[in-house]
file query-v2.txt (compact mmCIF, C-alpha atoms)
# COMPACT_ATOMS: atom_id res chain seq x y z
CA MET Y 1 40.81 -24.98 -0.60
CA LYS Y 2 37.45 -23.28 -0.54
CA GLN Y 3 35.52 -23.87 -3.68
CA GLY Y 4 32.76 -21.58 -4.91
CA ILE Y 5 29.86 -22.29 -7.21
CA ASP Y 6 30.62 -21.88 -10.87
CA VAL Y 7 27.94 -19.47 -12.03
CA ASN Y 8 28.35 -20.69 -15.59
CA ALA Y 9 27.40 -24.17 -14.48
CA LEU Y 10 23.98 -23.00 -13.37
CA PRO Y 11 21.09 -22.96 -15.81
CA GLU Y 12 19.33 -19.81 -16.88
CA PHE Y 13 15.62 -19.99 -17.45
CA GLN Y 14 13.43 -18.19 -19.93
CA PRO Y 15 9.97 -17.18 -18.75
CA PRO Y 16 7.08 -18.35 -20.94
CA PRO Y 17 6.16 -15.77 -23.62
CA GLU Y 18 2.60 -15.41 -22.30
CA LEU Y 19 3.88 -14.19 -18.92
CA TRP Y 20 4.36 -10.62 -20.18
CA VAL Y 21 0.84 -10.65 -21.65
CA ARG Y 22 -0.45 -11.61 -18.20
CA ILE Y 23 1.59 -8.92 -16.45
CA ALA Y 24 0.59 -6.21 -18.93
CA SER Y 25 -3.05 -7.23 -18.61
CA ALA Y 26 -2.86 -7.12 -14.80
CA GLU Y 27 -1.20 -3.69 -14.97
CA ARG Y 28 -3.94 -2.36 -17.27
CA ALA Y 29 -6.60 -3.79 -14.94
CA ARG Y 30 -4.89 -2.08 -12.00
CA ARG Y 31 -4.86 1.24 -13.84
CA HIS Y 32 -8.52 0.79 -14.76
CA ARG Y 33 -9.40 0.09 -11.12
CA ARG Y 34 -7.42 3.14 -10.04
CA ARG Y 35 -9.18 5.34 -12.60
CA SER Y 36 -12.57 3.94 -11.55
CA ALA Y 37 -11.79 4.55 -7.91
CA PHE Y 38 -10.73 8.11 -8.74
CA ALA Y 39 -13.90 8.67 -10.78
CA SER Y 40 -16.03 7.29 -7.94
CA ALA Y 41 -14.28 9.50 -5.43
CA ALA Y 42 -14.73 12.53 -7.70
CA ALA Y 43 -18.42 11.72 -8.19
CA ALA Y 44 -18.88 11.33 -4.45
CA ALA Y 45 -17.14 14.67 -3.90
CA VAL Y 46 -19.46 16.33 -6.44
CA VAL Y 47 -22.53 14.84 -4.70
CA VAL Y 48 -21.30 16.14 -1.33
CA LEU Y 49 -20.58 19.60 -2.76
CA VAL Y 50 -24.01 19.78 -4.43
CA ALA Y 51 -25.67 18.64 -1.21
CA LEU Y 52 -23.78 21.25 0.79
CA ALA Y 53 -24.65 23.95 -1.73
CA ALA Y 54 -28.33 22.94 -1.72
CA TRP Y 55 -28.59 22.68 2.06
CA PRO Y 56 -29.51 26.33 2.78
CA LEU Y 57 -32.17 26.18 0.01
CA ARG Y 58 -33.83 23.23 1.67
CA ASP Y 59 -33.91 24.97 5.06
CA PRO Y 60 -35.21 28.47 4.33
CA PRO Y 61 -37.16 28.97 7.60
CA ALA Y 62 -34.00 29.04 9.67
CA PRO Y 63 -33.06 32.65 8.79
CA VAL Y 64 -36.68 33.72 9.35
CA VAL Y 65 -36.70 32.14 12.80
CA ALA Y 66 -33.34 33.69 13.49
CA ALA Y 67 -34.67 37.08 12.43
CA GLY Y 68 -37.73 36.62 14.68
CA GLU Y 69 -35.50 35.70 17.59
CA VAL Y 70 -33.21 38.67 17.00
CA GLU Y 71 -36.22 41.00 16.80
CA SER Y 72 -37.53 39.50 20.03
CA ARG Y 73 -34.27 40.27 21.84
CA ARG Y 74 -34.33 43.83 20.53
CA LEU Y 75 -37.93 44.31 21.70
CA GLU Y 76 -37.16 42.79 25.10
CA ALA Y 77 -34.31 45.29 25.57
CA GLU Y 78 -36.64 48.11 24.53
CA TRP Y 79 -39.26 46.86 27.01
CA LEU Y 80 -36.67 46.93 29.84
CA ARG Y 81 -35.56 50.41 28.81
CA VAL Y 82 -39.10 51.75 28.81
CA ALA Y 83 -39.66 50.12 32.22
CA GLY Y 84 -36.84 52.30 33.56
CA GLY Y 85 -34.24 49.59 34.18
CA SER Y 86 -36.35 47.58 36.60
CA THR Y 87 -37.40 44.09 35.50
CA PRO Y 88 -41.04 44.34 34.45
CA SER Y 89 -43.35 41.56 35.49
CA SER Y 90 -44.19 39.21 32.65
CA THR Y 91 -47.74 39.02 31.42
CA THR Y 92 -49.73 35.84 31.31
CA ARG Y 93 -49.73 35.96 27.53
CA LEU Y 94 -45.94 36.36 27.28
CA ARG Y 95 -45.36 33.47 29.73
CA ALA Y 96 -47.71 31.26 27.72
CA ILE Y 97 -45.88 32.05 24.47
CA ASP Y 98 -42.48 31.37 26.12
CA ALA Y 99 -43.78 28.04 27.43
CA ALA Y 100 -45.04 27.13 23.94
CA LEU Y 101 -41.66 28.09 22.41
CA GLN Y 102 -39.75 26.01 24.96
CA ALA Y 103 -42.03 23.03 24.37
CA ALA Y 104 -41.59 23.40 20.59
CA TYR Y 105 -37.78 23.43 20.87
CA ASP Y 106 -37.83 20.53 23.33
CA ARG Y 107 -39.58 18.26 20.84
CA GLY Y 108 -37.43 19.46 17.93
CA ALA Y 109 -40.24 21.26 16.16
CA ALA Y 110 -39.78 22.39 12.57
CA ALA Y 111 -39.00 25.99 11.73
CA ASP Y 112 -42.45 26.63 10.30
CA GLU Y 113 -43.94 25.84 13.72
CA VAL Y 114 -41.49 27.92 15.74
CA GLU Y 115 -41.51 31.00 13.55
CA PRO Y 116 -45.17 32.01 14.28
CA LEU Y 117 -44.46 31.68 18.01
CA TRP Y 118 -41.61 34.18 17.73
CA ARG Y 119 -43.95 36.49 15.81
CA GLN Y 120 -46.57 36.16 18.59
CA ARG Y 121 -43.93 36.88 21.22
CA ASN Y 122 -42.77 39.97 19.37
CA ASP Y 123 -46.38 41.23 19.03
CA ALA Y 124 -46.87 40.67 22.77
CA LEU Y 125 -43.67 42.58 23.57
CA ARG Y 126 -44.73 45.48 21.32
CA GLY Y 127 -48.05 45.61 23.19
CA LEU Y 128 -46.25 45.66 26.55
CA ILE Y 129 -43.93 48.42 25.40
CA ALA Y 130 -46.81 50.48 24.08
CA SER Y 131 -48.68 49.97 27.35
CA LEU Y 132 -45.70 51.16 29.45
CA GLN Y 133 -45.24 54.18 27.19
CA GLN Y 134 -48.91 55.12 27.54
CA ASP Y 135 -48.69 54.76 31.34
CA ALA Y 136 -45.66 57.03 31.39
CA VAL Y 137 -47.50 59.69 29.32
CA ALA Y 138 -50.54 59.46 31.65
CA GLY Y 139 -48.31 59.92 34.71
CA VAL Y 140 -46.75 63.08 33.24
CA ILE Y 141 -50.21 64.53 32.56
CA ARG Y 142 -51.36 63.77 36.16
CA ILE Y 143 -48.30 65.57 37.52
CA MET Q 144 13.55 -29.08 -9.71
CA ALA Q 145 12.13 -27.96 -12.99
CA ASP Q 146 13.51 -30.86 -14.98
CA GLY Q 147 11.02 -30.27 -17.77
CA GLN Q 148 11.89 -26.62 -18.10
CA GLN Q 149 13.77 -25.22 -21.01
CA THR Q 150 17.20 -24.23 -19.73
CA VAL Q 151 19.97 -22.36 -21.43
CA ARG Q 152 23.49 -22.41 -20.13
CA VAL Q 153 25.24 -19.11 -20.57
CA GLU Q 154 28.87 -18.26 -20.84
CA GLY Q 155 29.00 -15.49 -18.28
CA VAL Q 156 26.93 -12.92 -16.45
CA ALA Q 157 28.87 -9.68 -16.91
CA GLY Q 158 26.49 -7.17 -18.46
CA ARG Q 159 23.69 -9.70 -18.30
CA GLY Q 160 20.72 -10.19 -16.07
CA PHE Q 161 20.40 -7.70 -13.24
CA GLY Q 162 23.80 -6.26 -14.16
CA GLN Q 163 22.45 -4.61 -17.30
CA PRO Q 164 22.13 -0.85 -17.13
CA LEU Q 165 18.83 0.87 -17.83
CA ASP Q 166 19.00 3.93 -20.05
CA ALA Q 167 17.66 7.18 -18.65
CA LEU Q 168 15.14 7.66 -21.46
CA THR Q 169 13.43 4.31 -20.86
CA LEU Q 170 13.41 4.99 -17.13
CA ALA Q 171 11.87 8.44 -17.63
CA ARG Q 172 9.19 7.02 -19.95
CA ALA Q 173 8.41 4.24 -17.50
CA ARG Q 174 8.07 6.75 -14.69
CA ARG Q 175 5.38 8.44 -16.77
CA GLY Q 176 3.54 5.12 -17.03
CA ASP Q 177 4.46 4.32 -20.63
CA MET Q 178 3.53 0.66 -21.27
CA ASP Q 179 6.11 0.33 -24.06
CA ALA Q 180 8.81 1.35 -21.58
CA TYR Q 181 7.45 -1.22 -19.13
CA ALA Q 182 7.70 -3.87 -21.85
CA SER Q 183 11.26 -2.79 -22.58
CA ILE Q 184 12.21 -3.15 -18.90
CA TYR Q 185 10.60 -6.58 -18.80
CA ARG Q 186 12.48 -7.72 -21.90
CA ARG Q 187 15.72 -6.63 -20.26
CA TYR Q 188 15.24 -8.00 -16.75
CA GLY Q 189 12.35 -10.49 -16.93
CA ALA Q 190 14.57 -13.51 -17.57
CA ALA Q 191 16.92 -12.55 -14.71
CA CYS Q 192 13.97 -12.38 -12.31
CA TYR Q 193 12.55 -15.64 -13.57
CA THR Q 194 15.94 -17.39 -13.37
CA LEU Q 195 16.50 -16.23 -9.80
CA ALA Q 196 13.06 -17.45 -8.73
CA MET Q 197 13.43 -20.74 -10.62
CA ARG Q 198 16.84 -21.47 -9.16
CA VAL Q 199 15.53 -20.97 -5.63
CA LEU Q 200 11.99 -22.30 -5.92
CA GLY Q 201 12.36 -24.83 -8.73
CA ASP Q 202 8.69 -24.37 -9.54
CA PRO Q 203 7.74 -22.68 -12.83
CA ALA Q 204 4.28 -21.59 -11.64
CA ALA Q 205 5.70 -20.07 -8.46
CA ALA Q 206 8.51 -18.40 -10.41
CA GLU Q 207 5.97 -16.85 -12.79
CA ASP Q 208 4.03 -15.54 -9.80
CA VAL Q 209 7.20 -13.99 -8.43
CA VAL Q 210 7.98 -12.27 -11.73
CA GLN Q 211 4.41 -10.98 -12.04
CA ASP Q 212 4.37 -9.69 -8.46
CA VAL Q 213 7.77 -8.07 -8.83
CA PHE Q 214 6.97 -6.26 -12.07
CA LEU Q 215 3.55 -5.06 -10.91
CA LYS Q 216 5.16 -3.75 -7.74
CA LEU Q 217 7.93 -2.22 -9.81
CA PHE Q 218 5.45 -0.35 -12.02
CA ALA Q 219 3.55 0.86 -8.96
CA THR Q 220 6.66 2.15 -7.18
CA LEU Q 221 8.81 3.28 -10.09
CA ARG Q 222 8.14 6.96 -9.40
CA GLY Q 223 9.77 6.46 -6.01
CA PHE Q 224 13.00 5.06 -7.50
CA ARG Q 225 15.57 7.72 -6.67
CA GLY Q 226 18.44 6.19 -8.59
CA ASP Q 227 20.70 5.91 -5.53
CA ALA Q 228 21.50 2.33 -6.52
CA PRO Q 229 21.65 0.83 -10.02
CA PHE Q 230 18.20 -0.02 -11.33
CA GLY Q 231 19.08 -3.72 -11.68
CA ALA Q 232 20.21 -3.95 -8.06
CA TRP Q 233 16.95 -2.34 -6.93
CA LEU Q 234 14.95 -4.79 -9.01
CA LYS Q 235 17.03 -7.75 -7.81
CA ARG Q 236 16.33 -6.82 -4.21
CA MET Q 237 12.60 -6.85 -4.98
CA ALA Q 238 12.90 -10.21 -6.73
CA VAL Q 239 14.86 -11.74 -3.86
CA ASN Q 240 12.35 -10.50 -1.31
CA ALA Q 241 9.40 -11.83 -3.30
CA THR Q 242 11.13 -15.19 -3.72
CA ILE Q 243 12.05 -15.46 -0.05
CA ASP Q 244 8.46 -14.62 0.88
CA ILE Q 245 7.35 -17.74 -0.99
CA VAL Q 246 10.11 -19.82 0.62
CA ARG Q 247 8.92 -18.67 4.04
CA THR Q 248 5.28 -19.42 3.21
CA ARG Q 249 6.09 -22.90 2.00
CA GLN Q 250 8.31 -23.63 4.95
CA ARG Q 251 5.31 -23.52 7.24
CA PHE Q 252 3.79 -26.50 5.50
CA ARG Q 253 6.80 -28.61 4.57
CA ASP Q 254 9.52 -30.39 6.41
CA ASP Q 255 12.59 -28.29 5.68
CA ASP Q 256 15.15 -30.20 7.69
CA THR Q 257 18.45 -28.93 6.30
CA GLU Q 258 20.46 -31.05 8.75
CA ALA Q 259 18.87 -34.23 7.48
CA VAL Q 260 19.45 -33.26 3.87
CA PHE Q 261 23.13 -32.57 4.41
CA ALA Q 262 23.49 -35.79 6.35
CA ALA Q 263 22.11 -37.72 3.38
CA LEU Q 264 24.52 -36.09 0.94
CA PRO Q 265 28.04 -37.49 0.41
CA GLY Q 266 30.45 -36.15 3.03
CA ALA Q 267 33.41 -33.87 2.53
CA ASN Q 268 35.70 -36.87 2.42
CA ALA Q 269 33.59 -38.71 -0.15
CA THR Q 270 35.13 -40.05 -3.31
CA ALA Q 271 35.16 -37.92 -6.42
CA GLU Q 272 32.44 -40.11 -7.93
CA ASP Q 273 30.15 -39.39 -4.99
CA ARG Q 274 30.48 -35.67 -5.34
CA VAL Q 275 27.89 -33.72 -7.27
CA ASP Q 276 27.88 -30.70 -9.53
CA ALA Q 277 26.50 -27.39 -8.31
CA TRP Q 278 23.09 -27.63 -9.92
CA THR Q 279 22.52 -31.20 -8.79
CA LEU Q 280 23.48 -30.27 -5.25
CA LEU Q 281 21.26 -27.20 -5.26
CA ALA Q 282 18.39 -29.25 -6.63
CA ARG Q 283 18.69 -31.64 -3.66
CA LEU Q 284 18.70 -28.89 -1.04
CA PRO Q 285 15.54 -27.60 0.61
CA ALA Q 286 14.45 -24.24 -0.78
CA ARG Q 287 15.72 -22.24 2.17
CA ALA Q 288 19.20 -23.73 2.10
CA ARG Q 289 19.25 -23.43 -1.68
CA ALA Q 290 18.32 -19.76 -1.39
CA VAL Q 291 21.11 -19.15 1.11
CA VAL Q 292 23.74 -20.81 -1.10
CA LEU Q 293 22.56 -19.11 -4.29
CA LEU Q 294 22.22 -15.66 -2.78
CA HIS Q 295 25.67 -15.90 -1.19
CA GLU Q 296 27.58 -17.53 -4.00
CA VAL Q 297 25.82 -16.14 -7.06
CA GLU Q 298 24.11 -12.92 -6.04
CA GLY Q 299 26.81 -11.70 -3.64
CA TYR Q 300 24.77 -11.42 -0.45
CA THR Q 301 26.81 -11.31 2.76
CA HIS Q 302 26.15 -13.68 5.65
CA ARG Q 303 24.91 -10.74 7.66
CA GLU Q 304 22.36 -9.87 4.98
CA LEU Q 305 21.28 -13.49 4.75
CA ALA Q 306 20.94 -13.75 8.51
CA GLU Q 307 18.65 -10.70 8.51
CA LEU Q 308 16.71 -11.95 5.50
CA PHE Q 309 15.95 -15.31 7.11
CA GLY Q 310 15.83 -14.21 10.74
CA GLN Q 311 18.75 -16.49 11.65
CA SER Q 312 22.30 -16.04 12.90
CA GLU Q 313 25.28 -15.40 10.67
CA SER Q 314 26.78 -18.71 11.78
CA TRP Q 315 23.65 -20.47 10.52
CA SER Q 316 24.17 -18.95 7.08
CA LYS Q 317 27.91 -19.70 7.12
CA SER Q 318 27.27 -23.29 8.11
CA ILE Q 319 24.85 -23.91 5.24
CA VAL Q 320 27.13 -22.36 2.63
CA SER Q 321 30.23 -24.13 3.97
CA ARG Q 322 28.62 -27.57 4.05
CA ALA Q 323 27.12 -27.09 0.60
CA LEU Q 324 30.45 -26.06 -0.93
CA ASN Q 325 32.25 -28.98 0.73
CA ARG Q 326 30.03 -31.35 -1.15
CA LEU Q 327 30.57 -29.84 -4.55
CA SER Q 328 32.66 -31.59 -7.09
CA ALA Q 329 35.63 -29.59 -8.25
CA PRO Q 330 35.47 -28.04 -11.70
CA GLU Q 331 37.54 -29.88 -14.28
CA GLY Q 332 41.27 -29.49 -13.72
CA GLN Q 333 40.94 -28.66 -10.01
CA GLU Q 334 40.52 -32.17 -8.63
CA GLY Q 335 43.96 -32.15 -7.06
CA ASN Q 336 43.48 -28.85 -5.34
CA ARG Q 337 40.82 -30.04 -2.95
call {"tool": "encode", "arguments": {"input": "query-v2.txt", "output": "structure tokens"}}
result
Amino acid sequence: MKQGIDVNALPEFQPPPELWVRIASAERARRHRRRSAFASAAAAAVVVLVALAAWPLRDPPAPVVAAGEVESRRLEAEWLRVAGGSTPSSTTRLRAIDAALQAAYDRGAAADEVEPLWRQRNDALRGLIASLQQDAVAGVIRI
Amino acid sequence: MADGQQTVRVEGVAGRGFGQPLDALTLARARRGDMDAYASIYRRYGAACYTLAMRVLGDPAAAEDVVQDVFLKLFATLRGFRGDAPFGAWLKRMAVNATIDIVRTRQRFRDDDTEAVFAALPGANATAEDRVDAWTLLARLPARARAVVLLHEVEGYTHRELAELFGQSESWSKSIVSRALNRLSAPEGQEGNR
């Protein structure tokens, strides 16, 4: 006949009273670590947000450069229009400014170095436009 | 096996140990992280966990580690308890797994030759005087064999579950339980039945 184990014949054990104190203490420590980790993560998130918010303030020249570049494109289109659709030959001054701009970008120049070059380029383009317009007026008078 | 430990023999296990129900209010409070509710759960099930670990491991320090690990894991995962199974059964499963983890770890470093142990025990045809009571037999078994016998005979695990738990075949589990039971002395009044 198969005989099983008599459960009542087996001892039951009582854990030492200090075991719960240890478990509760470990649980509190775990919660504290979790709260600290959450606080650290929140602080890190705040730092990142502040840095992101402050970023445009620390890089003000960028919009200026962008504005100079946009103005330059507008002037270049105007120059082409005044030239009657044909590609006008570049002047020595304009080529020199373009070379300086390219060199500045190639070495990763700061915005405060690039921005005056765009201004120079725009001044040069305005001069070229004015020159073409004057030539056109002179041609009409000769006719 | 824990000879110096304070042991209390009990009259039955119905409504005791892992079989105790957990009231919904305590469970809800515990899910919210209430430490008093945690303490209440520990008072209800702590001894059952400790007893299970002690019976298998026979080492008070290791049993305390099991109880601590189980309850910390319980507190961390309580929100995920869906109530599909009784709370005590869920907790028992965690306690068994934690205990078996320690058995597995120790097995790497110790000779756990179950065959040799059974060979040294009195055979099935031994005299009544040579036979041993359940606790004495369990105390002589290596932890892994002891775990198999206890989980099958006391905690109601099937051979299939035990085979999965220990990464062995069902016949391996059946063999251990069968040989262990054959060496048990009969309870009083059943000597002639064997």
call {"tool": "atom_distance", "arguments": {"input": "query-v2.txt", "atom1": "atom CA of Ile23 of chain Y", "atom2": "atom CA of Phe214 of chain Q"}}
result
7.4 Å
call {"tool": "closest_residue", "arguments": {"input": "query-v2.txt", "among": "Q:Pro285, Q:Gly231, Q:Gly176, Q:Gly223", "to": "Arg31 of chain Y", "atoms": "all atoms listed in the file"}}
result
Q:Gly176
call {"tool": "interface_residues", "arguments": {"input": "query-v2.txt", "of": "chain Y", "to": "chain Q", "cutoff": "12 Å", "atoms": "all atoms listed in the file", "output": "PDB file with C-alpha atoms, in the coordinates of the input"}}
result
ATOM      1  CA  MET Y   1      40.810 -24.980  -0.600  1.00  0.00           C
ATOM      2  CA  LYS Y   2      37.450 -23.280  -0.540  1.00  0.00           C
ATOM      3  CA  GLN Y   3      35.520 -23.870  -3.680  1.00  0.00           C
ATOM      4  CA  GLY Y   4      32.760 -21.580  -4.910  1.00  0.00           C
ATOM      5  CA  ILE Y   5      29.860 -22.290  -7.210  1.00  0.00           C
ATOM      6  CA  ASP Y   6      30.620 -21.880 -10.870  1.00  0.00           C
ATOM      7  CA  VAL Y   7      27.940 -19.470 -12.030  1.00  0.00           C
ATOM      8  CA  ASN Y   8      28.350 -20.690 -15.590  1.00  0.00           C
ATOM      9  CA  ALA Y   9      27.400 -24.170 -14.480  1.00  0.00           C
ATOM     10  CA  LEU Y  10      23.980 -23.000 -13.370  1.00  0.00           C
ATOM     11  CA  PRO Y  11      21.090 -22.960 -15.810  1.00  0.00           C
ATOM     12  CA  GLU Y  12      19.330 -19.810 -16.880  1.00  0.00           C
ATOM     13  CA  PHE Y  13      15.620 -19.990 -17.450  1.00  0.00           C
ATOM     14  CA  GLN Y  14      13.430 -18.190 -19.930  1.00  0.00           C
ATOM     15  CA  PRO Y  15       9.970 -17.180 -18.750  1.00  0.00           C
ATOM     16  CA  PRO Y  16       7.080 -18.350 -20.940  1.00  0.00           C
ATOM     17  CA  PRO Y  17       6.160 -15.770 -23.620  1.00  0.00           C
ATOM     18  CA  GLU Y  18       2.600 -15.410 -22.300  1.00  0.00           C
ATOM     19  CA  LEU Y  19       3.880 -14.190 -18.920  1.00  0.00           C
ATOM     20  CA  TRP Y  20       4.360 -10.620 -20.180  1.00  0.00           C
ATOM     21  CA  VAL Y  21       0.840 -10.650 -21.650  1.00  0.00           C
ATOM     22  CA  ARG Y  22      -0.450 -11.610 -18.200  1.00  0.00           C
ATOM     23  CA  ILE Y  23       1.590  -8.920 -16.450  1.00  0.00           C
ATOM     24  CA  ALA Y  24       0.590  -6.210 -18.930  1.00  0.00           C
ATOM     25  CA  SER Y  25      -3.050  -7.230 -18.610  1.00  0.00           C
ATOM     26  CA  ALA Y  26      -2.860  -7.120 -14.800  1.00  0.00           C
ATOM     27  CA  GLU Y  27      -1.200  -3.690 -14.970  1.00  0.00           C
ATOM     28  CA  ARG Y  28      -3.940  -2.360 -17.270  1.00  0.00           C
ATOM     29  CA  ALA Y  29      -6.600  -3.790 -14.940  1.00  0.00           C
ATOM     30  CA  ARG Y  30      -4.890  -2.080 -12.000  1.00  0.00           C
ATOM     31  CA  ARG Y  31      -4.860   1.240 -13.840  1.00  0.00           C
ATOM     32  CA  ARG Y  34      -7.420   3.140 -10.040  1.00  0.00           C
TER      33      ARG Y  34
END
call {"tool": "atom_distance", "arguments": {"input": "query-v2.txt", "atom1": "atom CA of Arg35 of chain Y", "atom2": "atom CA of Thr220 of chain Q"}}
result
17.0 Å
call {"tool": "atom_distance", "arguments": {"input": "query-v2.txt", "atom1": "atom CA of Gly162 of chain Q", "atom2": "atom CA of Val246 of chain Q"}}
result
24.3 Å
call {"tool": "closest_residue", "arguments": {"input": "query-v2.txt", "among": "Y:Leu128, Y:Ala67, Y:Ala41, Y:Val47", "to": "Thr92 of chain Y", "atoms": "only C-alpha atoms"}}
result
Y:Leu128
call {"tool": "residues_around", "arguments": {"input": "query-v2.txt", "residues": "Asn122 of chain Y", "least_positions_apart": "4", "cutoff": "7 Å", "atoms": "all atoms listed in the file", "output": "list in words"}}
result
Ser72, Leu75, Trp118 and Arg126 of chain Y
